[in-house]
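File shown: data38.cif. Contents: mmCIF, C-alpha atoms and all ligand atoms.
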data_final
loop_
_atom_site.label_atom_id
_atom_site.label_comp_id
_atom_site.auth_asym_id
_atom_site.auth_seq_id
_atom_site.Cartn_x
_atom_site.Cartn_y
_atom_site.Cartn_z
CA MET A 1 8.86 -23.21 35.91
CA ALA A 2 9.93 -23.23 32.30
CA ARG A 3 9.10 -26.21 30.11
CA LYS A 4 11.47 -27.46 27.44
CA ASN A 5 10.35 -28.01 23.86
CA SER A 6 11.55 -31.32 22.33
CA SER A 7 14.14 -29.40 20.33
CA GLY A 8 15.58 -27.80 23.48
CA THR A 9 14.02 -24.33 23.37
CA LEU A 10 12.74 -23.24 26.82
CA ILE A 11 9.15 -22.05 27.15
CA PHE A 12 8.54 -19.50 29.91
CA ASP A 13 5.02 -18.66 31.02
CA GLY A 14 4.53 -14.93 30.63
CA ARG A 15 0.76 -14.99 31.03
CA THR A 16 0.07 -15.36 34.71
CA HIS A 17 1.06 -12.70 37.19
CA ALA A 18 1.91 -15.29 39.83
CA THR A 19 4.74 -16.77 37.76
CA LEU A 20 5.65 -13.72 35.67
CA ALA A 21 8.42 -12.37 37.93
CA GLY A 22 10.32 -15.65 38.26
CA GLU A 23 10.01 -16.69 34.63
CA VAL A 24 10.88 -13.20 33.41
CA SER A 25 14.04 -13.00 35.51
CA GLU A 26 15.22 -16.35 34.08
CA ALA A 27 14.52 -15.11 30.54
CA ALA A 28 16.31 -11.82 31.30
CA LYS A 29 19.41 -13.74 32.47
CA ILE A 30 19.59 -15.49 29.10
CA LEU A 31 19.51 -12.10 27.32
CA ILE A 32 22.20 -10.65 29.60
CA GLN A 33 24.41 -13.67 28.87
CA GLY A 34 24.12 -13.07 25.11
CA GLY A 35 21.36 -15.61 24.32
CA LEU A 36 18.22 -15.37 22.20
CA VAL A 37 14.78 -14.98 23.80
CA ALA A 38 11.57 -14.50 21.82
CA PHE A 39 9.01 -12.39 23.68
CA PRO A 40 5.50 -11.06 23.12
CA THR A 41 4.83 -7.45 22.24
CA GLU A 42 1.47 -5.82 21.54
CA THR A 43 2.24 -6.04 17.78
CA VAL A 44 3.96 -9.37 17.06
CA TYR A 45 6.50 -11.58 18.88
CA GLY A 46 10.07 -10.27 18.77
CA LEU A 47 13.31 -12.27 18.77
CA GLY A 48 15.43 -10.51 21.38
CA ALA A 49 19.16 -10.27 21.99
CA ALA A 50 21.41 -7.79 23.82
CA ALA A 51 21.38 -4.84 21.41
CA LEU A 52 24.86 -3.54 22.27
CA ASP A 53 26.58 -6.94 22.01
CA PRO A 54 27.48 -7.52 18.33
CA HIS A 55 28.04 -11.24 18.88
CA ALA A 56 24.56 -11.71 20.43
CA VAL A 57 22.96 -9.61 17.68
CA LYS A 58 24.60 -11.70 14.96
CA GLN A 59 22.91 -14.78 16.42
CA ILE A 60 19.53 -13.19 15.60
CA PHE A 61 20.43 -12.93 11.91
CA HIS A 62 21.72 -16.47 11.97
CA ALA A 63 18.59 -17.95 13.65
CA LYS A 64 16.19 -16.13 11.32
CA GLY A 65 18.20 -16.44 8.12
CA ARG A 66 17.91 -12.65 7.88
CA PRO A 67 20.03 -10.58 5.46
CA MET A 68 22.72 -8.78 7.53
CA ASP A 69 21.93 -5.36 6.02
CA ASN A 70 18.35 -5.35 7.36
CA PRO A 71 18.55 -3.33 10.60
CA LEU A 72 16.88 -4.28 13.89
CA ILE A 73 14.56 -2.33 16.18
CA ILE A 74 15.96 -1.69 19.66
CA HIS A 75 13.41 -2.14 22.45
CA ILE A 76 13.72 -0.11 25.64
CA ALA A 77 11.70 0.02 28.87
CA LYS A 78 11.30 3.83 29.07
CA ALA A 79 11.46 6.76 26.68
CA SER A 80 14.30 8.41 28.65
CA GLN A 81 16.64 5.59 27.52
CA MET A 82 16.33 6.91 23.96
CA GLN A 83 19.14 9.37 24.69
CA THR A 84 21.57 6.56 25.50
CA LEU A 85 21.22 5.21 21.94
CA ALA A 86 20.44 8.22 19.74
CA GLN A 87 21.84 11.73 19.31
CA ASN A 88 20.51 15.08 18.02
CA ILE A 89 17.04 13.93 19.03
CA PRO A 90 14.48 16.44 17.70
CA SER A 91 11.78 17.65 20.08
CA ALA A 92 9.16 16.04 17.83
CA ALA A 93 10.60 12.62 18.78
CA TRP A 94 10.10 13.35 22.49
CA THR A 95 6.56 14.55 21.80
CA LEU A 96 5.73 11.36 19.90
CA ALA A 97 7.36 9.17 22.57
CA ALA A 98 5.36 10.89 25.32
CA HIS A 99 2.18 10.40 23.34
CA PHE A 100 2.50 6.91 21.85
CA TRP A 101 4.87 4.94 24.11
CA PRO A 102 4.52 2.29 25.31
CA GLY A 103 2.97 1.44 21.97
CA PRO A 104 3.31 0.38 18.33
CA LEU A 105 5.49 3.25 17.08
CA THR A 106 9.18 2.88 16.15
CA LEU A 107 11.28 6.04 15.86
CA VAL A 108 14.26 6.18 13.49
CA LEU A 109 16.90 8.58 14.87
CA ARG A 110 20.60 9.33 14.39
CA LYS A 111 22.56 6.67 16.27
CA GLN A 112 25.25 7.15 18.87
CA ALA A 113 28.69 5.84 17.88
CA HIS A 114 28.64 2.98 20.39
CA VAL A 115 25.53 1.33 18.90
CA PRO A 116 27.00 -1.59 16.90
CA ALA A 117 26.81 -1.63 13.10
CA ALA A 118 25.59 -5.22 13.39
CA THR A 119 22.40 -3.92 15.04
CA THR A 120 21.75 -1.08 12.58
CA GLY A 121 22.66 -2.98 9.43
CA GLY A 122 25.62 -0.63 8.97
CA LEU A 123 23.38 2.49 8.91
CA ASP A 124 24.13 5.64 10.92
CA SER A 125 20.54 5.66 12.16
CA VAL A 126 18.87 3.54 14.84
CA ALA A 127 15.24 2.39 15.23
CA ILE A 128 13.84 2.45 18.79
CA ARG A 129 10.57 1.66 20.52
CA VAL A 130 8.96 0.98 23.91
CA PRO A 131 6.56 -1.96 23.46
CA ALA A 132 3.20 -2.01 25.29
CA HIS A 133 2.96 -5.68 26.35
CA PRO A 134 3.30 -6.19 30.15
CA ALA A 135 5.56 -9.25 29.69
CA ALA A 136 7.82 -7.33 27.28
CA LEU A 137 8.11 -4.40 29.68
CA ALA A 138 8.80 -6.75 32.60
CA LEU A 139 11.53 -8.49 30.57
CA LEU A 140 13.15 -5.20 29.50
CA GLN A 141 13.08 -3.93 33.10
CA ALA A 142 14.53 -7.16 34.48
CA ALA A 143 17.28 -7.34 31.84
CA ALA A 144 18.02 -3.60 32.24
CA ILE A 145 19.68 -3.52 28.82
CA PRO A 146 18.39 -2.39 25.41
CA VAL A 147 17.12 -5.40 23.47
CA ALA A 148 17.32 -5.67 19.68
CA ALA A 149 14.36 -7.61 18.30
CA PRO A 150 13.05 -8.22 14.82
CA SER A 151 9.85 -10.22 14.40
CA ALA A 152 10.47 -13.78 15.66
CA ASN A 153 9.81 -15.60 12.36
CA LEU A 154 12.11 -17.24 9.85
CA SER A 155 13.01 -14.56 7.32
CA GLY A 156 10.30 -14.23 4.64
CA ARG A 157 7.58 -15.95 6.72
CA PRO A 158 4.57 -14.15 8.23
CA SER A 159 5.37 -12.53 11.59
CA PRO A 160 4.36 -14.62 14.63
CA THR A 161 1.40 -13.54 16.74
CA THR A 162 1.51 -16.50 19.17
CA ALA A 163 4.27 -18.45 20.93
CA ALA A 164 3.22 -21.50 18.87
CA HIS A 165 4.02 -19.56 15.67
CA VAL A 166 7.47 -18.73 17.08
CA LEU A 167 8.19 -22.36 17.98
CA HIS A 168 6.98 -23.52 14.57
CA ASP A 169 9.67 -21.40 12.90
CA LEU A 170 12.47 -21.23 15.47
CA ALA A 171 12.31 -24.16 17.94
CA GLY A 172 15.83 -25.49 18.43
CA ARG A 173 17.33 -22.31 16.91
CA ILE A 174 16.70 -20.04 19.91
CA ASP A 175 17.23 -20.42 23.66
CA ALA A 176 13.75 -19.53 24.88
CA VAL A 177 10.35 -18.06 24.22
CA LEU A 178 8.30 -16.12 26.75
CA ASP A 179 4.69 -17.08 26.07
CA GLY A 180 2.42 -14.07 26.63
CA GLY A 181 -0.58 -15.32 24.67
CA PRO A 182 -1.75 -13.92 21.32
CA CYS A 183 -0.70 -10.38 20.31
CA ASP A 184 -3.40 -7.68 20.25
CA VAL A 185 -2.38 -5.61 17.23
CA GLY A 186 -1.17 -8.49 15.06
CA VAL A 187 0.88 -6.45 12.56
CA GLU A 188 4.27 -4.81 13.15
CA SER A 189 4.78 -1.28 14.50
CA THR A 190 4.66 1.91 12.46
CA VAL A 191 8.28 2.77 11.54
CA LEU A 192 8.73 6.56 11.45
CA ASP A 193 11.80 8.45 10.30
CA ILE A 194 11.97 11.49 12.61
CA ARG A 195 15.69 12.31 12.32
CA ASP A 196 15.08 15.86 11.12
CA GLY A 197 11.86 16.43 13.06
CA LYS A 198 9.95 15.88 9.81
CA PRO A 199 7.85 12.69 10.15
CA ILE A 200 8.03 10.17 7.30
CA VAL A 201 6.27 6.81 7.69
CA LEU A 202 8.60 4.08 6.38
CA ARG A 203 6.27 1.22 7.33
CA PRO A 204 2.58 1.74 8.17
CA GLY A 205 1.23 0.26 11.42
CA ALA A 206 -1.35 0.81 14.12
CA VAL A 207 -0.22 4.41 14.72
CA THR A 208 -1.57 6.16 11.64
CA PRO A 209 -0.22 9.19 9.73
CA ALA A 210 -3.38 11.08 10.77
CA GLN A 211 -2.63 10.45 14.46
CA ILE A 212 0.99 11.60 14.00
CA ARG A 213 -0.21 14.74 12.19
CA ALA A 214 -2.65 15.50 14.98
CA VAL A 215 0.00 15.16 17.71
CA LEU A 216 2.77 17.10 15.94
CA GLN A 217 0.51 19.62 14.22
CA ARG A 218 2.51 19.18 11.02
CA ASP A 219 2.34 17.13 7.87
CA CYS A 220 3.35 13.47 7.97
CA SER A 221 4.27 11.79 4.69
CA VAL A 222 4.29 8.11 3.79
CA ALA A 223 7.42 6.94 1.95
CA THR A 224 6.70 5.37 -1.40
CA TRP A 225 9.28 3.26 -3.07
CA LEU A 226 9.02 1.10 -6.14
CA GLN A 227 10.69 -2.29 -6.04
CA ASP A 228 12.32 -2.05 -9.46
CA SER A 229 12.99 1.69 -9.56
CA GLY A 230 16.74 1.32 -8.98
CA ASP A 231 16.45 3.84 -6.10
CA LYS A 232 17.76 3.04 -2.64
CA PRO A 233 14.81 2.13 -0.37
CA PRO A 234 14.28 4.51 2.61
CA SER A 235 14.19 1.45 4.89
CA PRO A 236 16.26 -1.63 4.02
CA GLY A 237 13.38 -3.93 5.06
CA LEU A 238 11.31 -2.67 2.12
CA LYS A 239 13.39 -4.43 -0.48
CA TYR A 240 12.77 -7.90 0.88
CA LEU A 241 9.62 -9.84 0.07
CA HIS A 242 8.02 -10.18 3.51
CA TYR A 243 5.07 -11.88 5.08
CA ALA A 244 4.91 -14.43 2.32
CA PRO A 245 2.67 -17.45 2.76
CA GLN A 246 3.81 -20.66 1.02
CA ALA A 247 0.95 -20.60 -1.50
CA PRO A 248 0.72 -17.72 -4.02
CA LEU A 249 -1.73 -15.10 -2.73
CA TYR A 250 -3.99 -13.14 -5.09
CA LEU A 251 -5.16 -9.84 -3.61
CA LEU A 252 -8.27 -8.14 -4.94
CA LYS A 253 -8.78 -4.39 -4.78
CA GLY A 254 -11.69 -2.10 -5.62
CA ALA A 255 -15.46 -2.02 -5.10
CA PRO A 256 -16.54 -4.93 -2.83
CA GLU A 257 -19.28 -6.23 -5.20
CA ARG A 258 -16.90 -6.32 -8.18
CA GLN A 259 -14.25 -7.99 -6.01
CA LEU A 260 -16.70 -10.75 -5.15
CA SER A 261 -17.60 -11.58 -8.74
CA THR A 262 -13.90 -11.64 -9.74
CA LEU A 263 -13.19 -13.79 -6.71
CA GLU A 264 -15.79 -16.33 -7.74
CA GLN A 265 -14.42 -16.50 -11.29
CA LEU A 266 -10.86 -16.95 -10.05
CA GLN A 267 -11.93 -19.55 -7.52
CA GLN A 268 -13.74 -21.60 -10.18
CA GLN A 269 -10.79 -21.31 -12.54
CA PHE A 270 -8.33 -22.62 -9.94
CA GLN A 271 -10.68 -25.34 -8.74
CA ALA A 272 -11.14 -26.51 -12.35
CA GLN A 273 -7.35 -26.94 -12.41
CA GLY A 274 -7.66 -29.24 -9.40
CA LYS A 275 -6.14 -26.69 -7.00
CA ARG A 276 -7.02 -26.36 -3.33
CA VAL A 277 -8.16 -22.76 -2.89
CA GLY A 278 -8.10 -20.86 0.42
CA LEU A 279 -10.13 -17.68 0.84
CA ILE A 280 -9.42 -14.81 3.25
CA LEU A 281 -12.61 -12.76 3.57
CA SER A 282 -14.53 -10.27 5.65
CA ALA A 283 -17.60 -11.48 7.55
CA GLU A 284 -19.77 -9.57 5.05
CA SER A 285 -18.37 -11.41 2.01
CA ALA A 286 -18.11 -14.80 3.72
CA THR A 287 -21.89 -15.15 3.96
CA HIS A 288 -21.98 -15.83 0.19
CA GLN A 289 -19.27 -18.47 0.32
CA LYS A 290 -19.53 -22.22 0.38
CA ALA A 291 -15.79 -22.87 -0.01
CA ALA A 292 -14.38 -25.48 2.35
CA GLU A 293 -11.19 -23.55 3.08
CA LEU A 294 -12.15 -20.16 4.40
CA VAL A 295 -10.78 -17.76 7.01
CA VAL A 296 -12.95 -14.85 8.11
CA LEU A 297 -10.84 -11.96 9.42
CA GLY A 298 -13.65 -9.83 10.85
CA HIS A 299 -15.97 -7.05 9.75
CA ARG A 300 -14.99 -4.87 6.82
CA ASN A 301 -15.37 -1.63 8.82
CA GLN A 302 -13.02 -2.83 11.60
CA PRO A 303 -9.54 -2.82 10.02
CA ALA A 304 -7.82 -3.32 13.39
CA VAL A 305 -9.68 -6.61 13.87
CA LEU A 306 -8.98 -7.69 10.28
CA ALA A 307 -5.27 -6.92 10.74
CA ALA A 308 -5.07 -8.76 14.08
CA HIS A 309 -6.09 -12.02 12.37
CA LEU A 310 -4.15 -11.74 9.11
CA TYR A 311 -0.89 -13.52 9.95
CA ASP A 312 -2.66 -16.35 11.69
CA ALA A 313 -4.76 -16.83 8.52
CA LEU A 314 -1.62 -17.00 6.34
CA ARG A 315 0.00 -19.53 8.65
CA TYR A 316 -3.23 -21.55 8.85
CA PHE A 317 -3.26 -21.95 5.08
CA ASP A 318 0.41 -22.99 5.07
CA GLU A 319 -0.51 -25.83 7.38
CA ARG A 320 -3.54 -26.87 5.31
CA GLU A 321 -1.35 -27.24 2.20
CA ILE A 322 -3.48 -24.89 0.19
CA ASP A 323 -2.30 -24.38 -3.43
CA VAL A 324 -3.55 -20.84 -3.90
CA ILE A 325 -4.99 -18.12 -1.65
CA ILE A 326 -7.41 -15.40 -2.73
CA ALA A 327 -7.81 -12.45 -0.35
CA GLU A 328 -10.32 -9.63 -0.36
CA GLY A 329 -8.91 -6.06 -0.29
CA TYR A 330 -10.03 -3.20 1.97
CA SER A 331 -10.09 0.57 2.26
CA THR A 332 -6.77 2.16 3.29
CA GLU A 333 -8.50 4.44 5.85
CA GLY A 334 -6.96 4.39 9.34
CA MET A 335 -5.38 1.05 10.11
CA GLY A 336 -6.53 -0.19 6.70
CA LEU A 337 -3.26 1.31 5.38
CA ALA A 338 -1.16 -1.14 7.42
CA LEU A 339 -3.49 -4.04 6.62
CA MET A 340 -3.34 -3.44 2.86
CA ASN A 341 0.44 -2.88 3.03
CA ARG A 342 0.91 -6.38 4.54
CA LEU A 343 -1.57 -7.96 2.13
CA GLU A 344 0.23 -6.34 -0.82
CA LYS A 345 3.57 -7.63 0.43
CA ALA A 346 2.13 -11.13 0.78
CA ALA A 347 0.70 -10.87 -2.76
CA GLY A 348 3.81 -9.48 -4.46
CA PRO A 349 2.85 -8.98 -8.14
CA ARG A 350 -0.51 -10.81 -7.78
CA VAL A 351 -2.71 -7.77 -7.12
CA ILE A 352 -5.90 -7.54 -9.18
CA ASP A 353 -7.56 -4.12 -9.21
CA VAL A 354 -11.17 -4.56 -10.28
CA GLY A 355 -11.73 -0.77 -10.22
O1 LIG A 401 6.26 -4.31 15.85
C1 LIG A 401 7.44 -4.41 15.52
O2 LIG A 401 8.07 -3.48 15.01
C2 LIG A 401 8.12 -5.77 15.77
C3 LIG A 401 8.19 -5.99 17.26
C4 LIG A 401 8.95 -7.24 17.62
O3 LIG A 401 8.73 -4.87 17.89
N1 LIG A 401 9.43 -5.79 15.18
C5 LIG A 401 9.64 -5.85 13.84
O4 LIG A 401 10.96 -5.90 13.47
O5 LIG A 401 8.74 -5.85 13.04
P1 LIG A 401 11.45 -6.26 11.99
O6 LIG A 401 12.91 -6.39 12.08
O7 LIG A 401 10.70 -7.43 11.51
O8 LIG A 401 11.13 -4.97 11.19
C6 LIG A 401 11.90 -3.81 11.41
C7 LIG A 401 11.77 -2.88 10.25
C8 LIG A 401 12.50 -3.40 9.03
O9 LIG A 401 11.72 -3.16 7.88
C9 LIG A 401 13.77 -2.55 9.03
O10 LIG A 401 14.30 -2.41 7.73
C10 LIG A 401 13.27 -1.25 9.61
O11 LIG A 401 12.34 -1.62 10.60
N2 LIG A 401 14.36 -0.50 10.25
C11 LIG A 401 15.08 -0.85 11.34
N3 LIG A 401 16.04 0.06 11.59
C12 LIG A 401 15.94 1.01 10.64
C13 LIG A 401 16.65 2.20 10.34
N4 LIG A 401 17.68 2.59 11.08
N5 LIG A 401 16.26 2.93 9.26
C14 LIG A 401 15.21 2.54 8.52
N6 LIG A 401 14.49 1.43 8.73
C15 LIG A 401 14.86 0.66 9.78
MG MG A 402 9.90 -8.86 10.30
#
Write the structure described by the file as structure tokens, please.
Ligand code: TXA
Ligand code: MG
Amino acid sequence: MARKNSSGTLIFDGRTHATLAGEVSEAAKILIQGGLVAFPTETVYGLGAAALDPHAVKQIFHAKGRPMDNPLIIHIAKASQMQTLAQNIPSAAWTLAAHFWPGPLTLVLRKQAHVPAATTGGLDSVAIRVPAHPAALALLQAAAIPVAAPSANLSGRPSPTTAAHVLHDLAGRIDAVLDGGPCDVGVESTVLDIRDGKPIVLRPGAVTPAQIRAVLQRDCSVATWLQDSGDKPPSPGLKYLHYAPQAPLYLLKGAPERQLSTLEQLQQQFQAQGKRVGLILSAESATHQKAAELVVLGHRNQPAVLAAHLYDALRYFDEREIDVIIAEGYSTEGMGLALMNRLEKAAGPRVIDVG
């Protein structure tokens, strides 16, 4: 049965098949009644509420401290439910859904009139996905309603990849969390605008532009938007500083050997100022390091593994009260694009290109 956190948030066990059905149906009841339940997906934990109930959805914004104009992703159990939320769905959307769902791809489509403005941040489009985690699918099936869910972190904090991360940010602010263990992908889904059948990546993720190109047999662009350009961002989420650790993060870019020498200089400079420095490195670069505070993400040629460990590294350094973080940069090939996108967001203006 569910345990209760000291602040009153229920913890359901979503890991063992023996208990899954009972725990999931309790969690589903909370959603149906308009409550907030955080649940695991293959990407990150989501903070779920009944997507078509504006009052329930508003509670999500309240619990997270999220700006009301930042729209939510609606999670559904099967692709066929897409037509209950969206209209004028292009055939390319069905092709992508058949190919990538359940999985880390979110499709932005024209919304149906009944989808509340509270859920879509006042936009006439709606973002939809079928998540690939068994506990998420079981919850969506048991609730039998579409579930709006942003990442289950306080706004501006790194997305949670474990139930402990969720409780750290939201205990006492949400009704329950379904603990499904650590998330596999570790960074949020690819958000793809497919309203006109022309794919535009609004946020890179585990489904890459090359994979989308291969499935649709047409070009797939990646939206670029400059923070201070004065233009309207293609996705409202882009204008907020996301994934920020508490300590300033310096991100290096460029040839690995040159990155390492710059890293050592920076490290010495900060340490001379009496600062506690945390390093986020690949296994290859870590062999040279004697720094006390070090997180190794994985091997440089395995961007999916590096990405899976990133948010945990940022949260780890928050807990260690590190003054400044220096992170190595990687190639943007394949999933490296999503990894570097999240690192750049965590760094803000502190990106050092060593060429
Ligand atoms: O992997 C994920 O996508 C996770 C899990 C829980 O599913 N969810 C997630 O949600 O990352 P959130 O709210 O943290 O990020 C959703 C992003 C935001 O950047 C938002 O602006 C964008 O999707 N988005 C949502 N609806 C949109 C729309 N109609 N048009 C453009 N962008 C949209
Ligand atoms: Mg988020």
- Task: Throw together the list of residues within 6 Å of ligand LIG 401 (chain A), counting only C-alpha atoms and all ligand atoms, and drop it here as a ChimeraX atom specification.
- Result: /A:43-46,70-73,108,120,125-127,149-151,188-189,235-238
Could you dump the residues just selected with C-alpha atoms as a short mmCIF file (atom, residue, chain, number, x, y, z; two decimals), in the frame of the given file?
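Generated output (part35.cif):
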data_model
loop_
_atom_site.label_atom_id
_atom_site.label_comp_id
_atom_site.auth_asym_id
_atom_site.auth_seq_id
_atom_site.Cartn_x
_atom_site.Cartn_y
_atom_site.Cartn_z
CA THR A 43 2.24 -6.04 17.78
CA VAL A 44 3.96 -9.37 17.06
CA TYR A 45 6.50 -11.58 18.88
CA GLY A 46 10.07 -10.27 18.77
CA ASN A 70 18.35 -5.35 7.36
CA PRO A 71 18.55 -3.33 10.60
CA LEU A 72 16.88 -4.28 13.89
CA ILE A 73 14.56 -2.33 16.18
CA VAL A 108 14.26 6.18 13.49
CA THR A 120 21.75 -1.08 12.58
CA SER A 125 20.54 5.66 12.16
CA VAL A 126 18.87 3.54 14.84
CA ALA A 127 15.24 2.39 15.23
CA ALA A 149 14.36 -7.61 18.30
CA PRO A 150 13.05 -8.22 14.82
CA SER A 151 9.85 -10.22 14.40
CA GLU A 188 4.27 -4.81 13.15
CA SER A 189 4.78 -1.28 14.50
CA SER A 235 14.19 1.45 4.89
CA PRO A 236 16.26 -1.63 4.02
CA GLY A 237 13.38 -3.93 5.06
CA LEU A 238 11.31 -2.67 2.12
#
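Reported to one decimal place, the separation of CA of Leu337 in chain A from CA of Gln217 in chain A is 20.7 Å.
If you measure from each of A:Lys4, A:Arg129, A:Arg350, A:His168 to Gln81 in chain A using all atoms listed in the file, the closest one turns out to be A:Arg129.
Checking A:Ser7, A:Arg157, A:Leu266, A:Ile194 one by one against ligand MG 402 (chain A), counting all atoms listed in the file, you find the shortest gap at A:Arg157.
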Do you have, as a Markdown table, the list of residues of range 129-150 of chain A lying at most 12 Å from range 83-94 of chain A, each with its nearest atom pair and that distance in Å to one decimal, counting only C-alpha atoms and ordered by chain then number?
| residue | atom | partner | partner_atom | distance |
| --- | --- | --- | --- | --- |
| A:Arg129 | CA | A:Ala93 | CA | 11.1 |
| A:Ile145 | CA | A:Thr84 | CA | 10.8 |
| A:Pro146 | CA | A:Leu85 | CA | 8.8 |
| A:Val147 | CA | A:Leu85 | CA | 11.5 |
| A:Ala148 | CA | A:Leu85 | CA | 11.8 |
- Contacts of Ala144 in chain A within 12 Å, all atoms listed in the file, excl. fewer than 5 positions in-chain, as a PyMOL selection string: chain A and resi 25+28-29+31-32+50-51+75-78+81+136-139
Could those residues be written to a file, using C-alpha atoms, as a tab-separated table (two decimals), in the frame of the given file?
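Written file, result-v6.tsv:
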chain	number	residue	atom	x	y	z
A	25	SER	CA	14.04	-13.00	35.51
A	28	ALA	CA	16.31	-11.82	31.30
A	29	LYS	CA	19.41	-13.74	32.47
A	31	LEU	CA	19.51	-12.10	27.32
A	32	ILE	CA	22.20	-10.65	29.60
A	50	ALA	CA	21.41	-7.79	23.82
A	51	ALA	CA	21.38	-4.84	21.41
A	75	HIS	CA	13.41	-2.14	22.45
A	76	ILE	CA	13.72	-0.11	25.64
A	77	ALA	CA	11.70	0.02	28.87
A	78	LYS	CA	11.30	3.83	29.07
A	81	GLN	CA	16.64	5.59	27.52
A	136	ALA	CA	7.82	-7.33	27.28
A	137	LEU	CA	8.11	-4.40	29.68
A	138	ALA	CA	8.80	-6.75	32.60
A	139	LEU	CA	11.53	-8.49	30.57
